[in-house]
>>> print(open('coords_33.txt').read())   # compact mmCIF, C-alpha atoms and all ligand atoms
# COMPACT_ATOMS: atom_id res chain seq x y z
CA MET A 34 112.75 109.75 85.28
CA ILE A 35 109.24 109.09 84.07
CA ASP A 36 107.93 105.86 85.63
CA SER A 37 107.22 104.06 82.34
CA GLY A 38 106.05 104.68 78.81
CA ILE A 39 102.65 106.00 77.90
CA LEU A 40 100.06 104.21 75.82
CA ILE A 41 98.12 106.44 73.42
CA ILE A 42 95.23 105.49 71.16
CA LEU A 43 94.87 107.48 67.95
CA SER A 44 91.54 106.93 66.24
CA GLY A 45 89.97 108.75 63.34
CA PRO A 46 88.09 107.70 60.24
CA SER A 47 89.82 106.08 57.32
CA GLY A 48 91.38 108.97 55.37
CA SER A 49 91.69 111.29 58.39
CA GLY A 50 95.48 111.26 58.03
CA LYS A 51 96.56 109.14 61.03
CA ASP A 52 99.53 107.58 59.19
CA THR A 53 100.83 110.88 57.88
CA VAL A 54 100.49 112.61 61.24
CA LEU A 55 102.23 109.79 63.14
CA GLY A 56 104.99 109.64 60.50
CA ALA A 57 105.63 113.36 60.97
CA LEU A 58 105.50 113.01 64.77
CA MET A 59 108.14 110.27 64.67
CA GLN A 60 110.40 112.53 62.61
CA ARG A 61 110.22 115.08 65.40
CA ARG A 62 110.56 112.88 68.46
CA SER A 63 112.70 109.88 69.26
CA ASP A 64 110.43 108.71 72.10
CA VAL A 65 107.44 107.91 69.83
CA ARG A 66 106.70 104.40 68.57
CA VAL A 67 103.74 103.15 66.56
CA SER A 68 102.44 99.62 67.00
CA ILE A 69 102.25 97.60 63.77
CA SER A 70 98.82 95.99 63.53
CA MET A 71 97.88 92.66 62.06
CA THR A 72 95.12 92.59 59.44
CA THR A 73 93.34 90.20 57.12
CA ARG A 74 92.73 92.88 54.49
CA GLU A 75 94.74 92.99 51.26
CA PRO A 76 97.70 95.40 51.01
CA ARG A 77 96.77 98.73 49.41
CA GLY A 78 99.02 100.73 47.02
CA GLN A 79 102.60 100.90 48.33
CA GLU A 80 101.88 99.15 51.63
CA LEU A 81 104.55 96.70 52.82
CA ASP A 82 104.20 93.67 55.06
CA GLY A 83 105.83 94.28 58.45
CA VAL A 84 105.95 98.04 57.87
CA HIS A 85 102.36 99.26 57.50
CA TYR A 86 100.68 96.07 58.71
CA TYR A 87 101.35 92.39 59.12
CA PHE A 88 99.11 91.05 56.34
CA VAL A 89 97.87 87.62 57.38
CA SER A 90 95.19 85.07 56.57
CA ARG A 91 91.98 84.84 58.57
CA SER A 92 93.00 81.44 59.99
CA TYR A 93 96.39 82.81 61.18
CA PHE A 94 94.61 85.77 62.81
CA GLU A 95 92.14 83.46 64.55
CA LYS A 96 95.04 81.33 65.81
CA LYS A 97 96.69 84.41 67.39
CA ILE A 98 93.40 85.32 69.11
CA ALA A 99 93.07 81.77 70.47
CA GLU A 100 96.67 81.92 71.77
CA ASP A 101 95.85 85.23 73.55
CA ARG A 102 98.59 87.07 71.62
CA MET A 103 96.38 90.07 70.77
CA LEU A 104 95.92 93.12 72.99
CA GLU A 105 92.65 93.82 71.15
CA TYR A 106 91.07 93.17 67.80
CA ALA A 107 87.99 94.24 65.87
CA GLU A 108 86.21 93.61 62.62
CA TYR A 109 86.08 96.67 60.35
CA ALA A 110 84.62 96.83 56.84
CA GLY A 111 84.67 93.02 56.62
CA ASN A 112 88.25 92.43 57.77
CA PHE A 113 89.98 91.70 61.07
CA TYR A 114 92.43 94.21 62.53
CA GLY A 115 94.32 93.73 65.79
CA THR A 116 97.25 94.79 67.95
CA PRO A 117 99.91 92.16 68.74
CA LYS A 118 100.57 92.28 72.50
CA ASP A 119 104.30 91.58 73.05
CA PRO A 120 105.85 94.41 70.98
CA VAL A 121 103.63 97.00 72.71
CA ASP A 122 104.67 95.79 76.19
CA GLU A 123 108.32 95.93 75.16
CA MET A 124 108.09 99.48 73.76
CA LEU A 125 106.28 100.66 76.90
CA ARG A 126 108.90 99.09 79.18
CA ALA A 127 111.54 101.06 77.26
CA GLY A 128 109.75 104.30 78.24
CA ASN A 129 108.29 105.27 74.87
CA ALA A 130 105.05 107.01 73.93
CA VAL A 131 103.42 104.08 72.13
CA PHE A 132 100.64 104.85 69.65
CA LEU A 133 97.90 102.41 68.71
CA GLU A 134 96.30 103.51 65.47
CA ILE A 135 92.97 101.75 65.96
CA GLU A 136 89.27 102.20 65.34
CA VAL A 137 86.58 102.92 67.95
CA GLN A 138 85.67 99.33 69.00
CA GLY A 139 89.33 98.48 69.65
CA ALA A 140 89.70 101.75 71.58
CA GLU A 141 86.83 100.74 73.83
CA LYS A 142 88.44 97.37 74.58
CA ILE A 143 91.81 98.96 75.38
CA ARG A 144 90.19 101.45 77.77
CA GLN A 145 88.63 98.59 79.72
CA ARG A 146 91.93 96.74 79.90
CA TYR A 147 94.26 99.75 80.46
CA PRO A 148 92.41 102.50 82.36
CA ASP A 149 95.53 104.74 82.16
CA VAL A 150 95.45 104.82 78.36
CA ILE A 151 95.20 108.25 76.71
CA SER A 152 92.90 108.49 73.74
CA ILE A 153 92.99 111.00 70.90
CA PHE A 154 90.48 111.36 68.08
CA LEU A 155 91.85 112.84 64.85
CA LEU A 156 89.10 114.86 63.24
CA PRO A 157 89.06 115.82 59.56
CA PRO A 158 88.19 119.50 58.96
CA SER A 159 84.96 118.48 57.14
CA MET A 160 83.23 115.48 55.55
CA ALA A 161 83.99 117.01 52.15
CA ALA A 162 87.72 117.13 53.00
CA LEU A 163 87.59 113.51 54.16
CA GLU A 164 85.91 112.38 50.95
CA ALA A 165 88.48 114.31 48.89
CA ARG A 166 91.32 112.59 50.75
CA LEU A 167 89.79 109.15 50.27
CA ARG A 168 89.29 109.84 46.55
CA GLY A 169 92.82 111.24 46.26
CA ARG A 170 94.18 107.98 47.66
CA ASN A 171 92.62 106.31 44.63
CA SER A 172 92.91 102.87 46.18
CA GLU A 173 89.30 101.78 46.67
CA ASP A 174 86.44 101.14 44.32
CA GLU A 175 83.36 103.41 44.63
CA GLU A 176 81.40 100.93 46.74
CA THR A 177 84.22 100.48 49.28
CA LEU A 178 84.74 104.24 49.40
CA GLN A 179 81.04 104.91 50.07
CA HIS A 180 81.05 102.22 52.77
CA ARG A 181 84.08 103.86 54.44
CA LEU A 182 82.29 107.25 54.38
CA VAL A 183 79.25 105.74 56.12
CA ILE A 184 81.50 104.19 58.79
CA ALA A 185 83.35 107.53 59.09
CA ARG A 186 80.16 109.37 60.11
CA GLU A 187 79.42 106.75 62.77
CA GLU A 188 82.98 106.98 64.09
CA ILE A 189 82.96 110.79 64.24
CA ARG A 190 79.73 110.63 66.26
CA ARG A 191 81.74 108.73 68.91
CA ALA A 192 84.60 111.25 69.06
CA ALA A 193 83.26 112.58 72.40
CA GLU A 194 84.30 109.28 74.06
CA TYR A 195 87.96 110.31 73.64
CA ASP A 196 90.15 112.29 76.04
CA TYR A 197 91.34 114.68 73.32
CA ILE A 198 90.12 115.86 69.92
CA VAL A 199 92.78 116.94 67.44
CA MET A 200 91.74 118.65 64.24
CA ASN A 201 93.88 117.63 61.26
CA ASP A 202 93.60 120.86 59.27
CA THR A 203 97.30 120.72 58.43
CA VAL A 204 99.75 117.96 59.35
CA GLU A 205 101.99 120.43 61.14
CA ASN A 206 99.16 121.78 63.30
CA ALA A 207 97.96 118.27 64.15
CA VAL A 208 101.49 117.19 65.14
CA ASP A 209 101.92 120.34 67.28
CA ARG A 210 98.66 119.54 69.08
CA ILE A 211 99.63 115.91 69.71
CA GLU A 212 103.06 116.95 71.00
CA THR A 213 101.38 119.30 73.47
CA ILE A 214 99.30 116.37 74.73
CA ILE A 215 102.34 114.07 75.10
CA ASN A 216 104.33 116.74 76.93
CA ALA A 217 101.51 117.51 79.36
CA GLU A 218 100.68 113.84 79.97
CA LYS A 219 104.34 113.13 80.77
CA GLN A 220 104.18 115.64 83.65
CA LYS A 221 101.16 114.01 85.30
CA THR A 222 101.69 113.10 88.95
CA CYS A 223 100.74 109.47 88.42
CA ARG A 224 103.64 109.11 85.97
CA ASN A 225 106.22 110.87 88.14
CA LYS A 226 105.99 109.28 91.57
CA THR A 227 109.62 108.10 91.47
CA MET A 228 110.76 111.66 90.71
CA ILE A 229 109.33 112.80 94.05
CA SER A 230 111.09 110.10 96.07
CA GLU A 231 114.35 110.63 94.17
CA VAL A 232 114.38 114.33 95.12
CA ILE A 233 113.55 113.62 98.77
CA ASN A 234 116.15 110.87 99.11
CA ASN A 235 118.99 112.78 97.43
CA VAL A 236 119.26 115.82 99.74
P1 LIG B 301 92.62 100.77 56.97
O1 LIG B 301 92.04 99.61 56.23
O2 LIG B 301 92.13 102.11 56.44
O3 LIG B 301 94.14 100.71 57.05
O4 LIG B 301 92.13 100.69 58.49
C1 LIG B 301 90.77 100.65 58.80
C2 LIG B 301 90.56 101.01 60.24
O5 LIG B 301 91.12 99.98 61.08
C3 LIG B 301 91.24 102.31 60.66
O6 LIG B 301 90.32 103.05 61.47
C4 LIG B 301 92.42 101.86 61.48
O7 LIG B 301 92.78 102.79 62.48
C5 LIG B 301 91.84 100.60 62.12
N1 LIG B 301 92.89 99.71 62.62
C6 LIG B 301 94.13 99.52 62.14
N2 LIG B 301 94.79 98.64 62.90
C7 LIG B 301 93.96 98.28 63.90
C8 LIG B 301 94.10 97.41 65.04
O8 LIG B 301 95.13 96.80 65.29
N3 LIG B 301 93.00 97.28 65.83
C9 LIG B 301 91.84 97.94 65.61
N4 LIG B 301 90.85 97.75 66.45
N5 LIG B 301 91.69 98.78 64.55
C10 LIG B 301 92.74 98.96 63.72
>>> encode(input="coords_33.txt", output="structure tokens")
Amino acid sequence: MIDSGILIILSGPSGSGKDTVLGALMQRRSDVRVSISMTTREPRGQELDGVHYYFVSRSYFEKKIAEDRMLEYAEYAGNFYGTPKDPVDEMLRAGNAVFLEIEVQGAEKIRQRYPDVISIFLLPPSMAALEARLRGRNSEDEETLQHRLVIAREEIRRAAEYDYIVMNDTVENAVDRIETIINAEKQKTCRNKTMISEVINNV
């Protein structure tokens, strides 16, 4: 048996398709879980509280930080985003591959706290494709959209800080690539020490 779950960061600019890719990955595998973040931004389109995010006030968010209930948090485009700690610990204890869909500052904090974390950067095929996806989403005004494109360039410049780069040319290809990473990471020696002793002790 694998020693415990694996923690995986998935970053990528707004509009890179993280939600869609993780949704498709969960359809394929029963050992994948995605952490639900807390945010102070307003819900967008069809987003539901407790499904896509926990939508909270700034004062509630600040209270959770003060109580040390957040694994990490960051400010992005004027709003707070963060990962509640307890559900992640629980999903890891149950042996899952737990994904944190977070931006680059949060990723940096998690790496410092959990050196074993695996990090993946989801790369759009081009800036033009990213802009088309953001426009297709039709959920931001022009100013917000332009701001997100500026942040996207800065984020993509930091992609080299990640363990893996996955191109999201098609959802299926991106999911295949991420599955390959999960499968290989699960075989790593550091995650299979009990397997060795089990074999030796059961001759
Ligand atoms: P959006 O507003 O497009 O849903 O998210 C904006 C950015 O915040 C995305 O890059 C998304 O991955 C990131 N994000 C979402 N949840 C969290 C979180 O819990 N922590 C951090 N650090 N970033 C997050």
>>> residues_near_ligand(input="coords_33.txt", ligand="ligand LIG 301 (chain B)", cutoff="9 Å", atoms="only C-alpha atoms and all ligand atoms", output="VMD selection string")
chain A and resid 43 to 49 51 to 52 68 to 72 74 to 77 85 to 86 103 to 110 112 to 117 133 to 142 181 185 188
>>> closest_residue(input="coords_33.txt", among="A:Ala161, A:Ala99, A:Val67, A:Ile214", to="Thr53 of chain A", atoms="only C-alpha atoms")
A:Val67
>>> closest_residue(input="coords_33.txt", among="A:Ser159, A:Gln145, A:Ser92, A:Ser172", to="Glu80 of chain A", atoms="all atoms listed in the file")
A:Ser172
>>> residues_around(input="coords_33.txt", residues="Gly38 of chain A", least_positions_apart="5", cutoff="10 Å", atoms="only C-alpha atoms", output="list in words")
Asp64, Val65, Asp122, Glu123, Met124, Leu125, Arg126, Ala127, Gly128, Asn129, Ala130, Val131, Lys219 and Arg224 of chain A
>>> closest_residue(input="coords_33.txt", among="A:Arg190, A:Lys118, A:Arg170, A:Arg61", to="Glu205 of chain A", atoms="only C-alpha atoms")
A:Arg61
>>> closest_residue(input="coords_33.txt", among="A:Ile198, A:Leu182, A:Met59, A:Ile98", to="Arg168 of chain A", atoms="all atoms listed in the file")
A:Leu182
>>> closest_residue(input="coords_33.txt", among="A:Ile42, A:Leu178, A:Ile151, A:Ile229", to="Glu164 of chain A", atoms="only C-alpha atoms")
A:Leu178
>>> closest_residue(input="coords_33.txt", among="A:Thr177, A:Ser230, A:Thr203, A:Ser152", to="Glu218 of chain A", atoms="all atoms listed in the file")
A:Ser152
>>> axis_aligned_box(input="coords_33.txt", around="segment 124-129 of chain A", padding_each_side="3 Å", output="lines of an AutoDock Vina configuration file")
center_x = 108.9
center_y = 102.2
center_z = 76.5
size_x = 11.3
size_y = 12.2
size_z = 11.4
>>> build_atoms(input="coords_33.txt", residues="segment 87-103 of chain A", atoms="N, CA, C and O atoms", output="short mmCIF file (atom, residue, chain, number, x, y, z; two decimals), in the coordinates of the input")
data_model
loop_
_atom_site.label_atom_id
_atom_site.label_comp_id
_atom_site.auth_asym_id
_atom_site.auth_seq_id
_atom_site.Cartn_x
_atom_site.Cartn_y
_atom_site.Cartn_z
N TYR A 87 101.03 93.78 59.41
CA TYR A 87 101.35 92.39 59.12
C TYR A 87 100.11 91.85 58.40
O TYR A 87 99.03 91.81 59.00
N PHE A 88 100.25 91.54 57.13
CA PHE A 88 99.11 91.05 56.34
C PHE A 88 99.05 89.53 56.49
O PHE A 88 100.00 88.84 56.10
N VAL A 89 97.97 89.06 57.08
CA VAL A 89 97.87 87.62 57.38
C VAL A 89 96.53 87.06 56.93
O VAL A 89 95.60 87.80 56.61
N SER A 90 96.45 85.73 56.93
CA SER A 90 95.19 85.07 56.57
C SER A 90 94.25 85.10 57.78
O SER A 90 94.68 85.29 58.92
N ARG A 91 92.98 84.87 57.51
CA ARG A 91 91.98 84.84 58.57
C ARG A 91 92.29 83.72 59.58
O ARG A 91 92.18 83.90 60.79
N SER A 92 92.74 82.56 59.08
CA SER A 92 93.00 81.44 59.99
C SER A 92 94.20 81.74 60.90
O SER A 92 94.19 81.42 62.08
N TYR A 93 95.23 82.43 60.35
CA TYR A 93 96.39 82.81 61.18
C TYR A 93 95.95 83.80 62.27
O TYR A 93 96.32 83.68 63.43
N PHE A 94 95.10 84.76 61.85
CA PHE A 94 94.61 85.77 62.81
C PHE A 94 93.84 85.08 63.94
O PHE A 94 94.04 85.36 65.12
N GLU A 95 92.96 84.16 63.55
CA GLU A 95 92.14 83.46 64.55
C GLU A 95 93.01 82.64 65.50
O GLU A 95 92.72 82.55 66.70
N LYS A 96 94.11 82.10 64.97
CA LYS A 96 95.04 81.33 65.81
C LYS A 96 95.67 82.25 66.87
O LYS A 96 95.79 81.89 68.05
N LYS A 97 96.06 83.45 66.45
CA LYS A 97 96.69 84.41 67.39
C LYS A 97 95.70 84.85 68.47
O LYS A 97 96.07 85.06 69.62
N ILE A 98 94.42 84.97 68.10
CA ILE A 98 93.40 85.32 69.11
C ILE A 98 93.31 84.17 70.11
O ILE A 98 93.34 84.38 71.33
N ALA A 99 93.22 82.94 69.60
CA ALA A 99 93.07 81.77 70.47
C ALA A 99 94.27 81.63 71.41
O ALA A 99 94.12 81.20 72.55
N GLU A 100 95.45 82.02 70.94
CA GLU A 100 96.67 81.92 71.77
C GLU A 100 96.82 83.11 72.72
O GLU A 100 97.83 83.23 73.40
N ASP A 101 95.84 84.03 72.71
CA ASP A 101 95.85 85.23 73.55
C ASP A 101 97.07 86.13 73.27
O ASP A 101 97.65 86.70 74.19
N ARG A 102 97.43 86.24 72.00
CA ARG A 102 98.59 87.07 71.62
C ARG A 102 98.15 88.49 71.21
O ARG A 102 98.99 89.30 70.85
N MET A 103 96.84 88.76 71.22
CA MET A 103 96.38 90.07 70.77
C MET A 103 95.92 90.92 71.96
O MET A 103 95.20 90.44 72.84
#
